[in-house]
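final-v5.cif (mmCIF, C-alpha atoms) appears below.
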data_model
#
loop_
_atom_site.label_atom_id
_atom_site.label_comp_id
_atom_site.auth_asym_id
_atom_site.auth_seq_id
_atom_site.Cartn_x
_atom_site.Cartn_y
_atom_site.Cartn_z
CA MET A 1 18.10 13.79 -19.22
CA ASN A 2 14.72 14.51 -17.82
CA TYR A 3 12.41 11.53 -18.03
CA ASN A 4 9.24 12.40 -16.21
CA ILE A 5 5.81 10.89 -16.57
CA ILE A 6 3.66 13.38 -14.71
CA PRO A 7 0.54 11.21 -14.15
CA LEU A 8 2.78 8.40 -12.87
CA ASN A 9 4.61 10.73 -10.48
CA GLU A 10 1.29 11.99 -9.22
CA LEU A 11 0.08 8.44 -8.55
CA VAL A 12 3.35 7.58 -6.80
CA ASN A 13 2.91 10.69 -4.62
CA GLN A 14 -0.59 9.69 -3.64
CA PHE A 15 0.50 6.18 -2.71
CA SER A 16 3.46 7.44 -0.72
CA ARG A 17 1.16 9.59 1.42
CA LEU A 18 -0.34 6.39 2.85
CA PRO A 19 1.06 5.41 6.25
CA GLY A 20 3.96 2.97 6.10
CA ILE A 21 4.31 3.25 2.32
CA GLY A 22 7.73 4.58 1.29
CA LYS A 23 8.84 5.92 -2.08
CA LYS A 24 9.97 2.55 -3.44
CA THR A 25 6.80 0.72 -2.42
CA ALA A 26 4.71 3.57 -3.81
CA GLN A 27 6.46 3.17 -7.16
CA ARG A 28 5.87 -0.56 -7.13
CA LEU A 29 2.18 -0.07 -6.35
CA ALA A 30 1.76 2.63 -8.99
CA PHE A 31 3.33 0.35 -11.60
CA SER A 32 1.02 -2.46 -10.60
CA ILE A 33 -1.94 -0.19 -11.35
CA LEU A 34 -0.59 0.41 -14.86
CA GLU A 35 -0.03 -3.30 -15.39
CA GLN A 36 -3.59 -4.25 -14.50
CA PRO A 37 -6.70 -3.71 -16.63
CA ALA A 38 -8.18 -0.21 -16.61
CA GLU A 39 -11.29 -1.45 -14.76
CA TYR A 40 -9.19 -2.10 -11.69
CA ALA A 41 -8.09 1.54 -11.48
CA GLU A 42 -11.70 2.61 -12.03
CA LYS A 43 -13.06 0.28 -9.35
CA PHE A 44 -10.32 1.37 -6.97
CA ALA A 45 -11.08 5.04 -7.60
CA LYS A 46 -14.78 4.41 -7.09
CA ALA A 47 -14.12 2.51 -3.84
CA LEU A 48 -12.01 5.43 -2.56
CA ILE A 49 -14.65 8.03 -3.31
CA GLU A 50 -17.56 5.94 -2.04
CA ALA A 51 -15.84 4.92 1.18
CA ARG A 52 -15.02 8.54 1.92
CA GLU A 53 -18.48 9.80 0.97
CA LYS A 54 -20.70 7.13 2.49
CA ILE A 55 -18.89 6.25 5.70
CA HIS A 56 -19.48 8.54 8.65
CA PHE A 57 -20.00 8.21 12.38
CA CYS A 58 -23.08 6.45 13.73
CA SER A 59 -25.25 9.16 15.25
CA CYS A 60 -25.70 7.00 18.35
CA CYS A 61 -22.44 5.18 19.17
CA GLN A 62 -20.06 7.25 16.97
CA ALA A 63 -18.59 4.12 15.34
CA LEU A 64 -18.09 4.03 11.58
CA THR A 65 -21.10 3.17 9.48
CA ASP A 66 -22.64 3.83 6.09
CA LEU A 67 -26.13 3.91 7.64
CA ASP A 68 -27.65 6.58 9.84
CA ILE A 69 -27.68 4.32 12.91
CA CYS A 70 -25.11 1.53 12.69
CA GLN A 71 -25.98 -2.15 12.49
CA ILE A 72 -24.98 -2.72 16.10
CA CYS A 73 -27.04 0.12 17.57
CA SER A 74 -30.10 -0.82 15.51
CA SER A 75 -29.86 -4.59 16.12
CA PRO A 76 -32.64 -6.01 18.32
CA GLN A 77 -30.32 -8.88 19.34
CA ARG A 78 -27.94 -6.60 21.18
CA ASP A 79 -27.96 -6.25 24.94
CA ARG A 80 -28.84 -2.58 25.42
CA SER A 81 -27.88 -2.55 29.11
CA VAL A 82 -24.10 -2.67 28.51
CA ILE A 83 -21.98 -0.11 26.70
CA CYS A 84 -18.32 -0.79 25.93
CA VAL A 85 -16.42 2.51 25.67
CA VAL A 86 -13.49 2.41 23.26
CA GLU A 87 -10.99 4.93 21.87
CA GLY A 88 -11.43 4.41 18.15
CA PRO A 89 -13.53 2.73 15.46
CA LYS A 90 -10.88 0.02 14.96
CA ASP A 91 -11.41 -1.11 18.55
CA VAL A 92 -15.06 -1.85 17.76
CA MET A 93 -13.90 -4.12 14.96
CA ALA A 94 -11.45 -5.90 17.27
CA PHE A 95 -14.29 -6.59 19.71
CA GLU A 96 -16.60 -7.75 16.93
CA ARG A 97 -13.97 -10.15 15.61
CA MET A 98 -13.95 -11.78 19.04
CA ASN A 99 -17.63 -12.66 18.52
CA GLU A 100 -18.32 -12.87 22.26
CA TYR A 101 -19.62 -9.45 23.15
CA SER A 102 -23.27 -8.73 22.56
CA GLY A 103 -23.64 -5.29 24.14
CA LEU A 104 -23.39 -1.87 22.53
CA TYR A 105 -20.37 0.37 21.97
CA HIS A 106 -19.42 3.99 22.33
CA VAL A 107 -16.46 5.40 20.45
CA LEU A 108 -14.70 8.35 22.11
CA HIS A 109 -12.54 9.24 19.08
CA GLY A 110 -9.44 9.78 21.17
CA VAL A 111 -8.25 9.95 24.76
CA ILE A 112 -7.81 12.84 27.13
CA SER A 113 -4.32 14.20 26.57
CA PRO A 114 -3.91 17.82 27.67
CA LEU A 115 -0.35 18.00 26.29
CA ASP A 116 -1.71 17.31 22.79
CA GLY A 117 -4.57 19.73 23.36
CA VAL A 118 -7.17 16.97 23.70
CA THR A 119 -9.47 18.07 26.51
CA PRO A 120 -12.60 16.07 27.50
CA ASP A 121 -14.87 18.34 25.44
CA LYS A 122 -13.03 17.27 22.26
CA LEU A 123 -14.10 13.65 22.81
CA LYS A 124 -17.55 12.12 22.35
CA ILE A 125 -18.17 12.12 26.12
CA LYS A 126 -21.21 14.42 25.91
CA GLU A 127 -22.80 11.94 23.47
CA LEU A 128 -22.07 9.09 25.90
CA MET A 129 -23.68 10.93 28.80
CA SER A 130 -26.82 11.63 26.83
CA ARG A 131 -27.12 7.91 26.00
CA LEU A 132 -27.05 7.10 29.71
CA SER A 133 -29.89 9.44 30.64
CA ASN A 134 -32.75 7.05 29.79
CA GLY A 135 -31.81 4.63 32.58
CA GLU A 136 -31.59 1.61 30.26
CA VAL A 137 -27.84 1.19 30.69
CA LYS A 138 -26.67 -0.82 33.73
CA GLU A 139 -22.95 -1.19 33.00
CA ILE A 140 -20.19 0.73 31.26
CA ILE A 141 -17.11 -1.27 30.29
CA MET A 142 -14.11 1.07 29.98
CA ALA A 143 -12.05 -0.43 27.16
CA THR A 144 -9.62 2.40 26.49
CA ASN A 145 -6.03 1.32 25.87
CA PRO A 146 -3.80 0.46 28.86
CA THR A 147 -1.75 3.65 28.48
CA VAL A 148 -1.45 6.65 30.79
CA GLU A 149 -3.95 8.60 28.67
CA GLY A 150 -6.28 5.61 28.36
CA GLU A 151 -6.25 5.19 32.13
CA ALA A 152 -6.86 8.86 32.75
CA THR A 153 -9.78 8.87 30.34
CA ALA A 154 -11.26 5.75 31.94
CA SER A 155 -11.10 7.24 35.42
CA TYR A 156 -12.45 10.60 34.21
CA ILE A 157 -15.51 8.96 32.64
CA SER A 158 -15.95 6.64 35.60
CA ARG A 159 -16.14 9.68 37.92
CA LEU A 160 -18.91 11.12 35.73
CA VAL A 161 -20.88 7.90 35.39
CA LYS A 162 -20.71 6.36 38.87
CA PRO A 163 -22.90 9.03 40.54
CA MET A 164 -25.67 8.00 38.11
CA GLY A 165 -25.76 4.57 39.78
CA ILE A 166 -24.30 2.80 36.75
CA LYS A 167 -21.67 0.10 37.27
CA VAL A 168 -18.32 0.96 35.68
CA THR A 169 -15.88 -1.86 34.89
CA ARG A 170 -12.43 -1.91 33.30
CA LEU A 171 -10.92 -4.60 31.05
CA ALA A 172 -8.63 -6.97 32.98
CA TYR A 173 -4.89 -6.48 32.82
CA GLY A 174 -2.64 -9.50 32.67
CA ILE A 175 -0.33 -11.59 30.61
CA PRO A 176 -1.57 -12.10 27.04
CA VAL A 177 -2.79 -15.58 26.08
CA GLY A 178 0.07 -17.47 24.45
CA GLY A 179 2.55 -14.99 25.92
CA ASP A 180 5.75 -15.96 27.67
CA LEU A 181 6.17 -15.07 31.34
CA GLN A 182 9.90 -14.42 30.99
CA TYR A 183 9.23 -11.65 28.50
CA ALA A 184 6.36 -10.04 30.40
CA ASP A 185 7.21 -6.55 31.66
CA GLU A 186 7.10 -5.99 35.41
CA PHE A 187 3.99 -3.75 35.31
CA THR A 188 1.95 -6.28 33.40
CA LEU A 189 3.14 -9.08 35.66
CA ALA A 190 2.35 -7.04 38.79
CA ARG A 191 -1.19 -6.32 37.48
CA SER A 192 -1.60 -9.95 36.52
CA LEU A 193 -0.67 -11.05 40.07
CA GLU A 194 -2.92 -8.42 41.62
CA GLY A 195 -5.88 -9.54 39.52
CA ARG A 196 -5.38 -13.29 40.08
CA ASN A 197 -8.46 -15.51 40.20
CA GLU A 198 -9.23 -18.69 42.07
CA ILE A 199 -9.27 -21.79 39.87
CA MET B 1 -23.43 -10.25 15.26
CA ASN B 2 -22.89 -9.01 11.79
CA TYR B 3 -21.02 -5.73 11.66
CA ASN B 4 -20.27 -4.93 8.06
CA ILE B 5 -19.53 -1.60 6.47
CA ILE B 6 -19.86 -2.41 2.79
CA PRO B 7 -17.99 0.61 1.33
CA LEU B 8 -15.14 -0.01 3.78
CA ASN B 9 -14.94 -3.71 2.88
CA GLU B 10 -14.89 -2.78 -0.79
CA LEU B 11 -11.99 -0.36 -0.21
CA VAL B 12 -10.10 -2.97 1.82
CA ASN B 13 -10.62 -5.45 -1.05
CA GLN B 14 -9.22 -3.02 -3.58
CA PHE B 15 -6.17 -2.30 -1.45
CA SER B 16 -5.54 -6.00 -0.82
CA ARG B 17 -5.43 -6.66 -4.56
CA LEU B 18 -2.21 -4.62 -4.73
CA PRO B 19 0.96 -6.73 -4.78
CA GLY B 20 2.51 -7.29 -1.35
CA ILE B 21 -0.47 -5.80 0.49
CA GLY B 22 -2.11 -8.31 2.81
CA LYS B 23 -5.49 -8.12 4.52
CA LYS B 24 -4.20 -6.38 7.66
CA THR B 25 -2.23 -3.75 5.75
CA ALA B 26 -5.19 -3.19 3.44
CA GLN B 27 -7.37 -2.50 6.47
CA ARG B 28 -4.82 -0.08 7.88
CA LEU B 29 -4.59 1.76 4.55
CA ALA B 30 -8.37 1.88 4.12
CA PHE B 31 -8.76 3.35 7.60
CA SER B 32 -6.12 5.95 6.86
CA ILE B 33 -8.21 7.09 3.89
CA LEU B 34 -11.19 7.58 6.20
CA GLU B 35 -9.08 9.47 8.71
CA GLN B 36 -7.80 11.97 6.17
CA PRO B 37 -9.74 14.85 4.60
CA ALA B 38 -12.08 13.95 1.74
CA GLU B 39 -9.89 15.82 -0.76
CA TYR B 40 -7.19 13.22 -0.31
CA ALA B 41 -9.49 10.39 -1.41
CA GLU B 42 -10.64 12.52 -4.34
CA LYS B 43 -7.09 13.37 -5.42
CA PHE B 44 -6.07 9.75 -5.06
CA ALA B 45 -9.02 8.58 -7.15
CA LYS B 46 -8.22 11.19 -9.81
CA ALA B 47 -4.55 10.15 -9.87
CA LEU B 48 -5.56 6.51 -10.34
CA ILE B 49 -7.89 7.25 -13.23
CA GLU B 50 -5.55 9.71 -14.91
CA ALA B 51 -2.49 7.51 -14.64
CA ARG B 52 -4.40 4.61 -16.18
CA GLU B 53 -5.96 6.75 -18.92
CA LYS B 54 -3.03 8.94 -19.92
CA ILE B 55 -0.09 6.58 -19.64
CA HIS B 56 0.52 4.26 -22.56
CA PHE B 57 3.46 2.91 -24.52
CA CYS B 58 5.63 5.28 -26.54
CA SER B 59 4.90 4.50 -30.18
CA CYS B 60 8.63 4.43 -30.86
CA CYS B 61 10.48 2.81 -27.94
CA GLN B 62 7.46 1.19 -26.17
CA ALA B 63 8.42 2.71 -22.82
CA LEU B 64 5.75 4.31 -20.65
CA THR B 65 4.78 7.86 -21.48
CA ASP B 66 1.84 10.24 -21.38
CA LEU B 67 2.89 11.76 -24.73
CA ASP B 68 2.67 10.21 -28.19
CA ILE B 69 6.45 9.94 -28.52
CA CYS B 70 8.21 9.83 -25.14
CA GLN B 71 10.57 12.52 -23.89
CA ILE B 72 13.60 10.37 -24.54
CA CYS B 73 12.72 9.45 -28.13
CA SER B 74 11.87 13.06 -28.98
CA SER B 75 14.87 14.66 -27.25
CA PRO B 76 17.45 16.21 -29.62
CA GLN B 77 20.15 15.69 -26.97
CA ARG B 78 19.95 11.92 -27.19
CA ASP B 79 22.45 9.84 -29.09
CA ARG B 80 20.31 8.20 -31.77
CA SER B 81 23.00 5.69 -32.76
CA VAL B 82 22.66 3.53 -29.63
CA ILE B 83 19.60 1.61 -28.47
CA CYS B 84 19.52 -0.07 -25.08
CA VAL B 85 17.09 -3.03 -25.17
CA VAL B 86 15.40 -3.75 -21.83
CA GLU B 87 12.71 -6.10 -20.59
CA GLY B 88 10.32 -3.67 -18.95
CA PRO B 89 9.49 0.01 -18.45
CA LYS B 90 10.98 -0.05 -14.93
CA ASP B 91 14.37 -0.86 -16.41
CA VAL B 92 14.28 2.38 -18.40
CA MET B 93 13.77 4.23 -15.13
CA ALA B 94 16.70 2.41 -13.51
CA PHE B 95 18.94 3.47 -16.42
CA GLU B 96 17.68 7.06 -16.26
CA ARG B 97 18.37 7.25 -12.53
CA MET B 98 22.00 6.42 -13.30
CA ASN B 99 22.20 9.61 -15.35
CA GLU B 100 25.07 8.33 -17.48
CA TYR B 101 23.40 6.91 -20.55
CA SER B 102 22.42 9.25 -23.32
CA GLY B 103 21.24 6.85 -26.01
CA LEU B 104 17.75 5.60 -26.74
CA TYR B 105 15.82 2.62 -25.36
CA HIS B 106 13.64 -0.16 -26.58
CA VAL B 107 11.30 -1.98 -24.22
CA LEU B 108 10.52 -5.60 -25.13
CA HIS B 109 7.72 -6.02 -22.57
CA GLY B 110 8.89 -9.44 -21.51
CA VAL B 111 11.41 -12.11 -22.34
CA ILE B 112 11.18 -15.19 -24.52
CA SER B 113 9.87 -17.99 -22.34
CA PRO B 114 8.22 -20.80 -24.32
CA LEU B 115 7.10 -22.59 -21.12
CA ASP B 116 5.02 -19.56 -20.19
CA GLY B 117 3.75 -19.23 -23.75
CA VAL B 118 5.87 -16.16 -24.50
CA THR B 119 7.17 -16.61 -28.01
CA PRO B 120 9.24 -13.92 -29.81
CA ASP B 121 6.16 -12.61 -31.68
CA LYS B 122 4.58 -11.66 -28.33
CA LEU B 123 7.44 -9.24 -27.59
CA LYS B 124 8.12 -5.86 -29.20
CA ILE B 125 10.87 -7.32 -31.39
CA LYS B 126 9.14 -6.43 -34.68
CA GLU B 127 9.02 -2.80 -33.51
CA LEU B 128 12.75 -2.93 -32.69
CA MET B 129 13.62 -4.31 -36.10
CA SER B 130 11.68 -1.59 -37.88
CA ARG B 131 13.61 1.05 -35.90
CA LEU B 132 16.88 -0.42 -37.16
CA SER B 133 15.96 -0.25 -40.84
CA ASN B 134 16.95 3.40 -41.39
CA GLY B 135 20.67 2.70 -40.80
CA GLU B 136 21.00 5.35 -38.08
CA VAL B 137 21.61 2.84 -35.28
CA LYS B 138 25.19 1.63 -34.85
CA GLU B 139 24.94 -0.28 -31.56
CA ILE B 140 22.38 -2.32 -29.67
CA ILE B 141 23.05 -2.82 -25.96
CA MET B 142 21.26 -5.95 -24.73
CA ALA B 143 20.22 -5.11 -21.19
CA THR B 144 17.82 -7.96 -20.44
CA ASN B 145 18.12 -9.47 -16.97
CA PRO B 146 20.92 -11.98 -16.27
CA THR B 147 18.48 -14.92 -16.13
CA VAL B 148 18.13 -17.91 -18.45
CA GLU B 149 15.23 -16.23 -20.29
CA GLY B 150 17.03 -12.89 -20.41
CA GLU B 151 20.08 -14.55 -21.93
CA ALA B 152 18.04 -16.48 -24.46
CA THR B 153 16.24 -13.30 -25.52
CA ALA B 154 19.53 -11.41 -25.83
CA SER B 155 21.05 -14.06 -28.04
CA TYR B 156 17.86 -14.40 -30.13
CA ILE B 157 17.81 -10.67 -30.86
CA SER B 158 21.55 -10.57 -31.41
CA ARG B 159 21.18 -13.26 -34.11
CA LEU B 160 18.59 -11.09 -35.86
CA VAL B 161 20.52 -7.84 -35.58
CA LYS B 162 24.12 -8.84 -36.29
CA PRO B 163 23.53 -9.67 -40.01
CA MET B 164 22.43 -6.03 -40.44
CA GLY B 165 25.96 -4.93 -39.58
CA ILE B 166 24.96 -3.44 -36.24
CA LYS B 167 27.20 -3.99 -33.20
CA VAL B 168 25.46 -5.91 -30.41
CA THR B 169 26.81 -5.61 -26.86
CA ARG B 170 25.72 -7.11 -23.55
CA LEU B 171 25.91 -5.51 -20.09
CA ALA B 172 28.94 -6.70 -18.09
CA TYR B 173 28.50 -9.37 -15.46
CA GLY B 174 30.47 -9.14 -12.27
CA ILE B 175 30.40 -8.53 -8.57
CA PRO B 176 28.12 -5.62 -7.61
CA VAL B 177 29.76 -2.41 -6.39
CA GLY B 178 29.89 -2.46 -2.60
CA GLY B 179 29.30 -6.22 -2.62
CA ASP B 180 31.27 -8.70 -0.55
CA LEU B 181 33.34 -11.32 -2.38
CA GLN B 182 32.69 -13.98 0.26
CA TYR B 183 28.97 -13.81 -0.45
CA ALA B 184 29.24 -13.73 -4.25
CA ASP B 185 27.82 -16.86 -5.89
CA GLU B 186 30.20 -18.97 -7.97
CA PHE B 187 28.58 -18.08 -11.32
CA THR B 188 28.88 -14.36 -10.74
CA LEU B 189 32.45 -14.74 -9.52
CA ALA B 190 33.39 -16.87 -12.54
CA ARG B 191 31.90 -14.27 -14.91
CA SER B 192 33.64 -11.51 -13.01
CA LEU B 193 37.00 -13.28 -13.39
CA GLU B 194 36.33 -13.99 -17.07
CA GLY B 195 35.53 -10.36 -17.76
CA ARG B 196 38.46 -8.89 -15.80
CA ASN B 197 40.00 -5.66 -17.05
CA GLU B 198 43.53 -4.31 -16.93
CA ILE B 199 44.00 -1.46 -14.44
#
Take the structure from the file and write it as structure tokens.
Amino acid sequence: MNYNIIPLNELVNQFSRLPGIGKKTAQRLAFSILEQPAEYAEKFAKALIEAREKIHFCSCCQALTDLDICQICSSPQRDRSVICVVEGPKDVMAFERMNEYSGLYHVLHGVISPLDGVTPDKLKIKELMSRLSNGEVKEIIMATNPTVEGEATASYISRLVKPMGIKVTRLAYGIPVGGDLQYADEFTLARSLEGRNEI
Amino acid sequence: MNYNIIPLNELVNQFSRLPGIGKKTAQRLAFSILEQPAEYAEKFAKALIEAREKIHFCSCCQALTDLDICQICSSPQRDRSVICVVEGPKDVMAFERMNEYSGLYHVLHGVISPLDGVTPDKLKIKELMSRLSNGEVKEIIMATNPTVEGEATASYISRLVKPMGIKVTRLAYGIPVGGDLQYADEFTLARSLEGRNEI
């Protein structure tokens, strides 16, 4: 008994290579492709190819874009005196969803992590420095993640940037909005106390 | 502030059309495509197109196959006197995983459900009947799901087949292996008692 449908197995394999998609889910998804009209598979295939072909890093801020210079870098409405430095392209999207930040971004594409072989020259730090040379930028907001590596990267970049007379700030630490104090870990609570504001 | 990457949005849309994939998961999956080498997207796209193009229904048993007659129908090792009638192509796979059934299959592609507009002529019942005409088949195992519609379909087909002198059987109902009696519903338990066997 050897019931094998090779093209189906191949599709299941491709689905199961996606993060968080196990064998069973991959099978379910592959079946759903077969159950839907052929145009869906064609559109899906086209979307895959086009996304991979057209999307690349903005030559200025290194965020994802399908243009040469991304919409944010080329927008005249953006405040060109502030650059928010983030780890990855998804962080740019998180900031944009907030709809309250009007400055520019710079995506590092990682954090300094010598144990994983990520040294500063592997990140887009050179590109950041060259953006600062024209004197237009007044403030750098370090928005790397609040992890050991994120902290190390923030302080590394801050040491490079400060001598240029540019203000370097870091996102505030504290308890998340809607969070519950009793579940806050002691480090977060300590930082939240340290950074308290007058009301 | 209008940060839109059209090819990325399109890919997210395609992913979120898959069953059980929400907006957030679709975004995560779309990003993972961008993070992986371009060959992955190409292979995935090819697998999608090929699966949809090459896979169709076996002209004999109506199961999924990429051949004209599926591997099961064309296998000389299969017992051609028994046909197991199932609702969908996934059920064939469930039976094959069991590795204990050596007969043939017939896929109905649905169950009779007048409320949903599924009348017997919409199912592959005609095709089943024509397979029975050569007198080779001695038994039909009705393996539709244990639902109201599955039952109705089983008894409808059984009424058609019995006059031809072919034995019609139904899968046994009972408590699932490894199940816990205290959680068994009363209908299952009643059927399990009714169908008890001597040991």
Output the contact residues of chain B with respect to chain A at a cut-off of 9 Å, based on all atoms listed in the file, as a ChimeraX atom specification.
/B:1-12,14-15,18-20,28-34,37-38,40-56,64-67,70-72,75,77-78,90,93,96,99,101-102
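The residues caught by the PyMOL selection byres ((chain A and resi 127) around 10) in this file are Ser59, Cys60, Cys61, Gln62, His106, Val107, Leu108, Leu123, Lys124, Ile125, Lys126, Leu128, Met129, Ser130, Arg131 and Leu132 of chain A.
Minimum distance to Glu139 in chain B across B:Glu194, B:Asp185, B:Asp79, B:Asp91 (counting only C-alpha atoms) occurs at B:Asp79.
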Just the number, please: distance in Å from CA of Pro176 in chain B to CA of Leu189 in chain B, one decimal.
10.3 Å
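When CA of Val168 in chain A is paired with CA of Ile140 in chain A, their separation reads 4.8 Å.
What separates CA of Met142 in chain A from CA of Ser158 in chain A is a distance of 8.1 Å.
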Counting all atoms listed in the file, the residue of B:Ile83, B:Ile166, B:Ala63, B:Ala172 that sits nearest His109 in chain B:
B:Ala63
